[in-house]
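Enquirer: What follows is input16.pdb, made up of PDB, C-alpha atoms and all ligand atoms:
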ATOM      1  CA  MET A 128      14.230   9.128  14.794
ATOM      2  CA  ILE A 129      10.564   8.102  14.700
ATOM      3  CA  LEU A 130       8.753   9.918  11.913
ATOM      4  CA  ILE A 131       5.024  10.330  12.545
ATOM      5  CA  VAL A 132       3.060  11.156   9.416
ATOM      6  CA  ASP A 133      -0.137  12.700  10.783
ATOM      7  CA  CYS A 134      -2.930  12.844   8.218
ATOM      8  CA  CYS A 135      -5.658  13.494  10.782
ATOM      9  CA  ILE A 136      -7.525  16.161   8.860
ATOM     10  CA  ARG A 137      -9.916  16.987  11.711
ATOM     11  CA  GLY A 138      -7.037  18.103  13.895
ATOM     12  CA  GLU A 139      -7.718  18.145  17.611
ATOM     13  CA  ALA A 140     -11.177  16.620  17.048
ATOM     14  CA  SER A 141      -9.636  13.556  15.403
ATOM     15  CA  ILE A 142     -10.046  10.283  17.253
ATOM     16  CA  THR A 143      -7.282   8.734  15.121
ATOM     17  CA  ARG A 144      -4.915  11.412  16.417
ATOM     18  CA  ARG A 145      -5.888  10.718  20.008
ATOM     19  CA  TYR A 146      -5.278   7.022  19.398
ATOM     20  CA  TYR A 147      -1.706   7.407  18.156
ATOM     21  CA  GLN A 148      -0.964  10.076  20.774
ATOM     22  CA  ALA A 149      -1.894   7.575  23.484
ATOM     23  CA  TYR A 150       0.594   5.133  22.005
ATOM     24  CA  LEU A 151       3.206   7.855  21.789
ATOM     25  CA  GLU A 152       2.956   8.342  25.545
ATOM     26  CA  THR A 153       4.209   4.772  25.998
ATOM     27  CA  VAL A 154       7.356   5.409  23.950
ATOM     28  CA  PRO A 155      10.227   6.426  26.225
ATOM     29  CA  ASN A 156      12.515   9.352  25.374
ATOM     30  CA  GLU A 157      12.665   8.806  21.654
ATOM     31  CA  ASP A 158      13.660  11.309  19.028
ATOM     32  CA  ILE A 159      10.250  12.071  17.477
ATOM     33  CA  CYS A 160       9.320  14.129  14.436
ATOM     34  CA  ILE A 161       5.605  14.758  13.880
ATOM     35  CA  LEU A 162       4.731  15.786  10.353
ATOM     36  CA  GLU A 163       1.226  17.250  10.171
ATOM     37  CA  LEU A 164       0.302  16.915   6.526
ATOM     38  CA  ALA A 165      -2.557  19.422   6.746
ATOM     39  CA  GLY A 166       0.026  22.104   7.543
ATOM     40  CA  LEU A 167       2.316  21.292   4.602
ATOM     41  CA  ARG A 168       1.992  22.936   1.238
ATOM     42  CA  ILE A 169       2.027  19.859  -0.934
ATOM     43  CA  ALA A 170       0.069  19.322  -4.120
ATOM     44  CA  PRO A 171      -0.532  16.347  -6.418
ATOM     45  CA  LEU A 172       2.249  15.895  -8.971
ATOM     46  CA  ASP A 173       1.333  17.689 -12.166
ATOM     47  CA  ASN A 174       3.104  17.539 -15.519
ATOM     48  CA  ASP A 175       5.529  20.379 -14.718
ATOM     49  CA  ALA A 176       6.496  19.009 -11.307
ATOM     50  CA  LEU A 177       6.939  15.549 -12.759
ATOM     51  CA  GLN A 178       9.255  16.779 -15.502
ATOM     52  CA  ARG A 179      11.350  18.772 -13.014
ATOM     53  CA  ARG A 180      11.519  15.732 -10.789
ATOM     54  CA  ASP A 181      12.503  13.412 -13.641
ATOM     55  CA  ASP A 182      15.287  15.816 -14.664
ATOM     56  CA  LEU A 183      16.634  15.972 -11.110
ATOM     57  CA  CYS A 184      16.493  12.180 -10.784
ATOM     58  CA  ARG A 185      18.313  11.715 -14.079
ATOM     59  CA  GLU A 186      21.047  14.076 -12.833
ATOM     60  CA  LYS A 187      21.014  12.311  -9.438
ATOM     61  CA  ARG A 188      20.465  15.634  -7.658
ATOM     62  CA  PHE A 189      18.738  14.047  -4.709
ATOM     63  CA  ASP A 190      19.940  16.816  -2.384
ATOM     64  CA  HIS A 191      17.431  19.177  -4.071
ATOM     65  CA  GLU A 192      14.748  20.686  -1.808
ATOM     66  CA  MET A 193      12.100  18.927  -3.875
ATOM     67  CA  PHE A 194      13.204  15.704  -2.201
ATOM     68  CA  CYS A 195      13.314  16.852   1.434
ATOM     69  CA  LEU A 196      10.241  14.825   2.433
ATOM     70  CA  ALA A 197      11.581  11.744   0.644
ATOM     71  CA  ARG A 198      14.991  12.045   2.342
ATOM     72  CA  GLN A 199      13.335  12.471   5.733
ATOM     73  CA  PHE A 200      11.218   9.362   5.137
ATOM     74  CA  ARG A 201      14.186   7.350   3.874
ATOM     75  CA  ASP A 202      16.333   8.194   6.909
ATOM     76  CA  ALA A 203      13.772   7.617   9.686
ATOM     77  CA  ASP A 204      14.380   4.652  12.001
ATOM     78  CA  GLU A 205      10.675   3.933  12.304
ATOM     79  CA  ILE A 206       7.584   5.292  10.584
ATOM     80  CA  TRP A 207       4.118   5.826  11.992
ATOM     81  CA  ILE A 208       1.231   6.810   9.755
ATOM     82  CA  ALA A 209      -2.049   8.026  11.243
ATOM     83  CA  ALA A 210      -5.009   8.483   8.915
ATOM     84  CA  PRO A 211      -8.767   8.031   9.346
ATOM     85  CA  PHE A 212     -10.598   5.627   7.032
ATOM     86  CA  TRP A 213     -12.078   7.751   4.271
ATOM     87  CA  ASP A 214     -13.951   6.431   1.248
ATOM     88  CA  LEU A 215     -12.607   2.916   1.748
ATOM     89  CA  SER A 216      -8.976   3.981   2.145
ATOM     90  CA  PHE A 217      -7.532   7.241   3.523
ATOM     91  CA  PRO A 218      -7.714  10.992   2.841
ATOM     92  CA  ALA A 219      -6.334  12.097  -0.539
ATOM     93  CA  LEU A 220      -3.758  14.221   1.275
ATOM     94  CA  LEU A 221      -1.918  11.078   2.328
ATOM     95  CA  LYS A 222      -1.719   9.959  -1.311
ATOM     96  CA  VAL A 223      -0.284  13.379  -2.191
ATOM     97  CA  TYR A 224       2.379  12.868   0.483
ATOM     98  CA  LEU A 225       3.141   9.349  -0.735
ATOM     99  CA  GLU A 226       3.706  10.745  -4.230
ATOM    100  CA  GLN A 227       6.349  13.007  -2.708
ATOM    101  CA  ILE A 228       8.247  10.206  -1.002
ATOM    102  CA  MET A 229       8.101   7.586  -3.750
ATOM    103  CA  VAL A 230      11.204   8.642  -5.679
ATOM    104  CA  SER A 231      13.001   6.154  -7.895
ATOM    105  CA  GLY A 232      16.708   6.232  -7.118
ATOM    106  CA  LEU A 233      16.180   7.750  -3.662
ATOM    107  CA  THR A 234      13.689   5.718  -1.639
ATOM    108  CA  PHE A 235      13.609   2.687  -3.940
ATOM    109  CA  GLY A 236      15.241   1.397  -7.082
ATOM    110  CA  TYR A 237      15.388  -1.618  -9.357
ATOM    111  CA  ALA A 238      17.909  -4.448  -9.564
ATOM    112  CA  GLN A 239      19.259  -5.728 -12.898
ATOM    113  CA  ASP A 240      16.603  -8.419 -12.969
ATOM    114  CA  GLY A 241      13.830  -5.848 -12.478
ATOM    115  CA  ARG A 242      13.279  -6.645  -8.813
ATOM    116  CA  CYS A 243      12.336  -3.648  -6.680
ATOM    117  CA  ILE A 244      14.793  -2.737  -3.913
ATOM    118  CA  GLY A 245      13.811  -0.485  -1.013
ATOM    119  CA  TYR A 246      16.355   2.044   0.271
ATOM    120  CA  CYS A 247      14.540   3.105   3.456
ATOM    121  CA  ARG A 248      16.243   2.635   6.793
ATOM    122  CA  ALA A 249      13.073   1.876   8.811
ATOM    123  CA  LYS A 250      12.274  -1.761   9.356
ATOM    124  CA  ARG A 251       8.887  -1.108  10.968
ATOM    125  CA  LEU A 252       5.813   0.927  10.134
ATOM    126  CA  ARG A 253       2.853   1.376  12.477
ATOM    127  CA  TYR A 254      -0.445   2.306  10.845
ATOM    128  CA  PHE A 255      -3.110   3.979  12.994
ATOM    129  CA  SER A 256      -6.623   4.338  11.653
ATOM    130  CA  THR A 257     -10.211   4.547  12.815
ATOM    131  CA  CYS A 258     -13.300   3.659  10.748
ATOM    132  CA  GLY A 259     -16.954   4.576  10.982
ATOM    133  CA  GLY A 260     -18.051   1.050  10.021
ATOM    134  CA  TYR A 261     -16.631  -2.494   9.973
ATOM    135  CA  TYR A 262     -14.119  -3.712   7.395
ATOM    136  CA  GLY A 263     -11.831  -6.277   9.038
ATOM    137  CA  ALA A 264      -9.312  -7.682   6.548
ATOM    138  CA  GLN A 265     -10.637  -5.284   3.896
ATOM    139  CA  HIS A 266      -8.974  -2.147   5.248
ATOM    140  CA  LEU A 267      -7.719  -1.019   1.864
ATOM    141  CA  GLY A 268      -5.867   1.970   3.337
ATOM    142  CA  TYR A 269      -3.696  -0.274   5.470
ATOM    143  CA  GLU A 270      -3.255  -2.889   2.739
ATOM    144  CA  TYR A 271      -2.134  -0.237   0.287
ATOM    145  CA  VAL A 272       0.386   1.303   2.690
ATOM    146  CA  LYS A 273       1.680  -2.162   3.567
ATOM    147  CA  ALA A 274       2.317  -2.952  -0.118
ATOM    148  CA  LEU A 275       4.069   0.379  -0.587
ATOM    149  CA  ALA A 276       6.190  -0.174   2.528
ATOM    150  CA  ALA A 277       7.364  -3.541   1.159
ATOM    151  CA  MET A 278       8.480  -1.759  -1.999
ATOM    152  CA  LEU A 279      10.459   0.705   0.139
ATOM    153  CA  GLY A 280      12.223  -2.042   2.090
ATOM    154  CA  ILE A 281      10.125  -1.737   5.261
ATOM    155  CA  GLU A 282       9.595  -5.326   6.291
ATOM    156  CA  THR A 283       7.073  -5.101   9.097
ATOM    157  CA  CYS A 284       3.779  -3.242   9.195
ATOM    158  CA  ILE A 285       1.679  -3.226  12.342
ATOM    159  CA  PRO A 286      -1.977  -2.158  12.150
ATOM    160  CA  TYR A 287      -3.701  -0.241  14.946
ATOM    161  CA  ILE A 288      -7.211  -0.067  13.573
ATOM    162  CA  LEU A 289     -10.423   0.734  15.402
ATOM    163  CA  GLU A 290     -13.755   0.031  13.761
ATOM    164  CA  GLY A 291     -17.397   0.873  14.268
ATOM    165  CA  LEU A 292     -16.764   4.372  15.604
ATOM    166  CA  ASP A 293     -19.805   5.899  13.920
ATOM    167  CA  ILE A 294     -22.347   3.161  14.636
ATOM    168  CA  ASP A 295     -23.242   4.593  18.011
ATOM    169  CA  PRO A 296     -21.645   8.001  18.614
ATOM    170  CA  GLN A 297     -22.295   7.566  22.339
ATOM    171  CA  ARG A 298     -19.795   4.692  22.369
ATOM    172  CA  ARG A 299     -16.926   6.398  20.519
ATOM    173  CA  GLU A 300     -15.127   7.382  23.671
ATOM    174  CA  GLN A 301     -15.579   3.938  25.191
ATOM    175  CA  ILE A 302     -14.130   2.217  22.094
ATOM    176  CA  LEU A 303     -11.135   4.537  22.144
ATOM    177  CA  GLN A 304     -10.447   4.088  25.848
ATOM    178  CA  GLN A 305     -10.755   0.311  25.588
ATOM    179  CA  ALA A 306      -8.256   0.275  22.705
ATOM    180  CA  ILE A 307      -5.856   2.515  24.591
ATOM    181  CA  GLY A 308      -5.983   0.001  27.421
ATOM    182  CA  ASN A 309      -4.925  -2.733  24.970
ATOM    183  CA  LEU A 310      -2.253  -0.903  23.006
ATOM    184  CA  GLN A 311       0.267  -3.682  23.412
ATOM    185  CA  GLN A 312      -2.030  -5.952  21.367
ATOM    186  CA  PRO A 313      -2.342  -4.165  18.044
ATOM    187  CA  GLY A 314      -4.539  -5.341  15.209
ATOM    188  CA  CYS A 315      -8.012  -4.654  14.103
ATOM    189  CA  VAL A 316     -10.390  -3.973  16.975
ATOM    190  CA  GLN A 317     -14.044  -4.546  16.116
ATOM    191  CA  GLU A 318     -16.730  -3.379  18.487
TER
HETATM  192  C1  LIG B 401     -14.838  12.250   4.112
HETATM  193  C2  LIG B 401     -15.098  11.050   4.993
HETATM  194  C3  LIG B 401     -15.167   9.788   4.424
HETATM  195  C4  LIG B 401     -15.428   8.667   5.227
HETATM  196  N1  LIG B 401     -15.503   7.429   4.642
HETATM  197  C5  LIG B 401     -15.753   6.341   5.416
HETATM  198  C6  LIG B 401     -15.816   5.042   4.831
HETATM  199  O1  LIG B 401     -15.668   4.841   3.636
HETATM  200  N2  LIG B 401     -16.081   4.001   5.651
HETATM  201  C7  LIG B 401     -16.277   4.161   6.998
HETATM  202  O2  LIG B 401     -16.486   3.170   7.700
HETATM  203  N3  LIG B 401     -16.204   5.377   7.581
HETATM  204  C8  LIG B 401     -15.951   6.459   6.825
HETATM  205  N4  LIG B 401     -15.858   7.704   7.401
HETATM  206  C9  LIG B 401     -15.992   7.810   8.878
HETATM  207  C10 LIG B 401     -14.614   7.874   9.552
HETATM  208  O3  LIG B 401     -13.781   6.799   9.163
HETATM  209  C11 LIG B 401     -14.730   7.823  11.080
HETATM  210  O4  LIG B 401     -15.633   8.781  11.550
HETATM  211  C12 LIG B 401     -13.380   8.013  11.725
HETATM  212  O5  LIG B 401     -13.417   7.581  13.070
HETATM  213  C13 LIG B 401     -12.950   9.476  11.680
HETATM  214  O6  LIG B 401     -11.666   9.600  12.259
HETATM  215  P1  LIG B 401     -11.123  11.002  12.809
HETATM  216  O7  LIG B 401     -11.941  11.342  14.067
HETATM  217  O8  LIG B 401      -9.707  10.717  13.117
HETATM  218  O9  LIG B 401     -11.329  12.028  11.746
HETATM  219  C14 LIG B 401     -15.608   8.817   6.622
HETATM  220  C15 LIG B 401     -15.536  10.112   7.186
HETATM  221  C16 LIG B 401     -15.284  11.207   6.386
HETATM  222  C17 LIG B 401     -15.213  12.586   7.022
END
Could you render the structure as structure tokens?

Expert:
Amino acid sequence: MILIVDCCIRGEASITRRYYQAYLETVPNEDICILELAGLRIAPLDNDALQRRDDLCREKRFDHEMFCLARQFRDADEIWIAAPFWDLSFPALLKVYLEQIMVSGLTFGYAQDGRCIGYCRAKRLRYFSTCGGYYGAQHLGYEYVKALAAMLGIETCIPYILEGLDIDPQRREQILQQAIGNLQQPGCVQE
């Protein structure tokens, strides 16, 4: 199953969503699960939630409903994350989701020597993002997710990043269409 984590807050108006949807059209007959974060009722971990979670982890009750998002993430064959570039990274809602899936003992753990071991099945993560300006290698949203993926055992991260979308609003559509035409060559596309 391909799990698509959609953090495109602007919904149908989102250019990031249109970008990943274009890529999705090239994927033949896969088992796809699209998780629209804006429609989930998830909140940042507070003290109560953290204590409940710690108790469940200590008792190894990973079948608890509190861990359904983490189990889904762990079991996916491939992960896609789609999130616009906000305030030098991504919307806070994606961080809230990542808090839900980072569960010690379920999605990752530690070896005797302290090394982190990832328990996730996926070997590949595709990260779709669009930015108003130009950042190149400094896309901190992608870099952060890539570091997290390594911790979870996901070896390969592939960026699909479009830049300069807000420089000339008249050219937004052109930038998107050009990128869609080059979807087999992912990376950072600067206009
Ligand atoms: C709250 C917010 C924060 C943003 N922060 C940045 C930023 O730090 N750097 C940047 O280049 N663009 C920034 N942008 C512009 C978006 O990255 C850009 O418009 C993007 O294409 C929006 O994607 P979407 O259509 O999928 O929502 C921001 C936009 C919003 C709404």

Enquirer: Do you know which residues are within 8 Å of ligand LIG 401 (chain B) using all atoms listed in the file? Can you write them as a short mmCIF file (atom, residue, chain, number, x, y, z; two decimals) with C-alpha atoms, in the frame of the given file?

Expert:
data_model
loop_
_atom_site.label_atom_id
_atom_site.label_comp_id
_atom_site.auth_asym_id
_atom_site.auth_seq_id
_atom_site.Cartn_x
_atom_site.Cartn_y
_atom_site.Cartn_z
CA CYS A 135 -5.66 13.49 10.78
CA ILE A 136 -7.52 16.16 8.86
CA ARG A 137 -9.92 16.99 11.71
CA GLY A 138 -7.04 18.10 13.90
CA ALA A 140 -11.18 16.62 17.05
CA SER A 141 -9.64 13.56 15.40
CA ILE A 142 -10.05 10.28 17.25
CA THR A 143 -7.28 8.73 15.12
CA ARG A 144 -4.92 11.41 16.42
CA ARG A 145 -5.89 10.72 20.01
CA ALA A 210 -5.01 8.48 8.91
CA PRO A 211 -8.77 8.03 9.35
CA PHE A 212 -10.60 5.63 7.03
CA TRP A 213 -12.08 7.75 4.27
CA ASP A 214 -13.95 6.43 1.25
CA LEU A 215 -12.61 2.92 1.75
CA SER A 216 -8.98 3.98 2.14
CA PRO A 218 -7.71 10.99 2.84
CA SER A 256 -6.62 4.34 11.65
CA THR A 257 -10.21 4.55 12.82
CA CYS A 258 -13.30 3.66 10.75
CA GLY A 259 -16.95 4.58 10.98
CA GLY A 260 -18.05 1.05 10.02
CA TYR A 261 -16.63 -2.49 9.97
CA TYR A 262 -14.12 -3.71 7.40
CA LEU A 289 -10.42 0.73 15.40
CA GLU A 290 -13.76 0.03 13.76
CA GLY A 291 -17.40 0.87 14.27
CA LEU A 292 -16.76 4.37 15.60
CA ASP A 293 -19.80 5.90 13.92
#

Enquirer: To one decimal place, how far is atom CA of Ala249 of chain A from atom CA of Gln304 of chain A in Å?

Expert: 29.1 Å

Enquirer: May I have the residues within 12 Å of Arg251 of chain A as a PyMOL selection string, using all atoms listed in the file and disregarding those fewer than 6 positions away in the same chain?

Expert: chain A and resi 129-130+203-208+273+276-277+279-286

Enquirer: Can you work out which one of A:Met229, A:Ile288, A:Val223, A:Ala238 has the shortest atom-to-atom distance to Leu167 of chain A, counting all atoms listed in the file?

Expert: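 Between A:Met229, A:Ile288, A:Val223, A:Ala238, the residue approaching Leu167 of chain A most closely is A:Val223.
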
Enquirer: Tell me, in Å to one decimal, how far atom CA of Asp181 of chain A is from atom CA of Val230 of chain A.

Expert: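 Taking atom CA of Asp181 of chain A as the start and atom CA of Val230 of chain A as the end point, the length is 9.4 Å.
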
Enquirer: Taking all atoms listed in the file into account, which of A:Pro171, A:Gly166, A:Gly241, A:Gly268 comes nearest Phe255 of chain A?

Expert: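 Closest residue, counting all atoms listed in the file: A:Gly268.
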
Enquirer: Between atom CA of Ile244 of chain A and atom CA of Tyr147 of chain A, measure the distance and give it in Å to one decimal.

Expert: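 Computing the Euclidean distance for atom CA of Ile244 of chain A and atom CA of Tyr147 of chain A yields 29.4 Å.
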
Enquirer: Which residues, named as in the file, does the PyMOL selection byres (((chain A and resi 187-196) around 9) and not hetatm) pick out? Answer as number ranges by chain.

Expert: A: 180, 182-186, 197-201, 224, 227-228, 230, 232-233

Enquirer: Which of these residues is nearest to Gly263 of chain A, using all atoms listed in the file: A:Thr234, A:Lys250, A:Glu226, A:Tyr287?

Expert: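 That would be A:Tyr287, the residue with the smallest distance to Gly263 of chain A.
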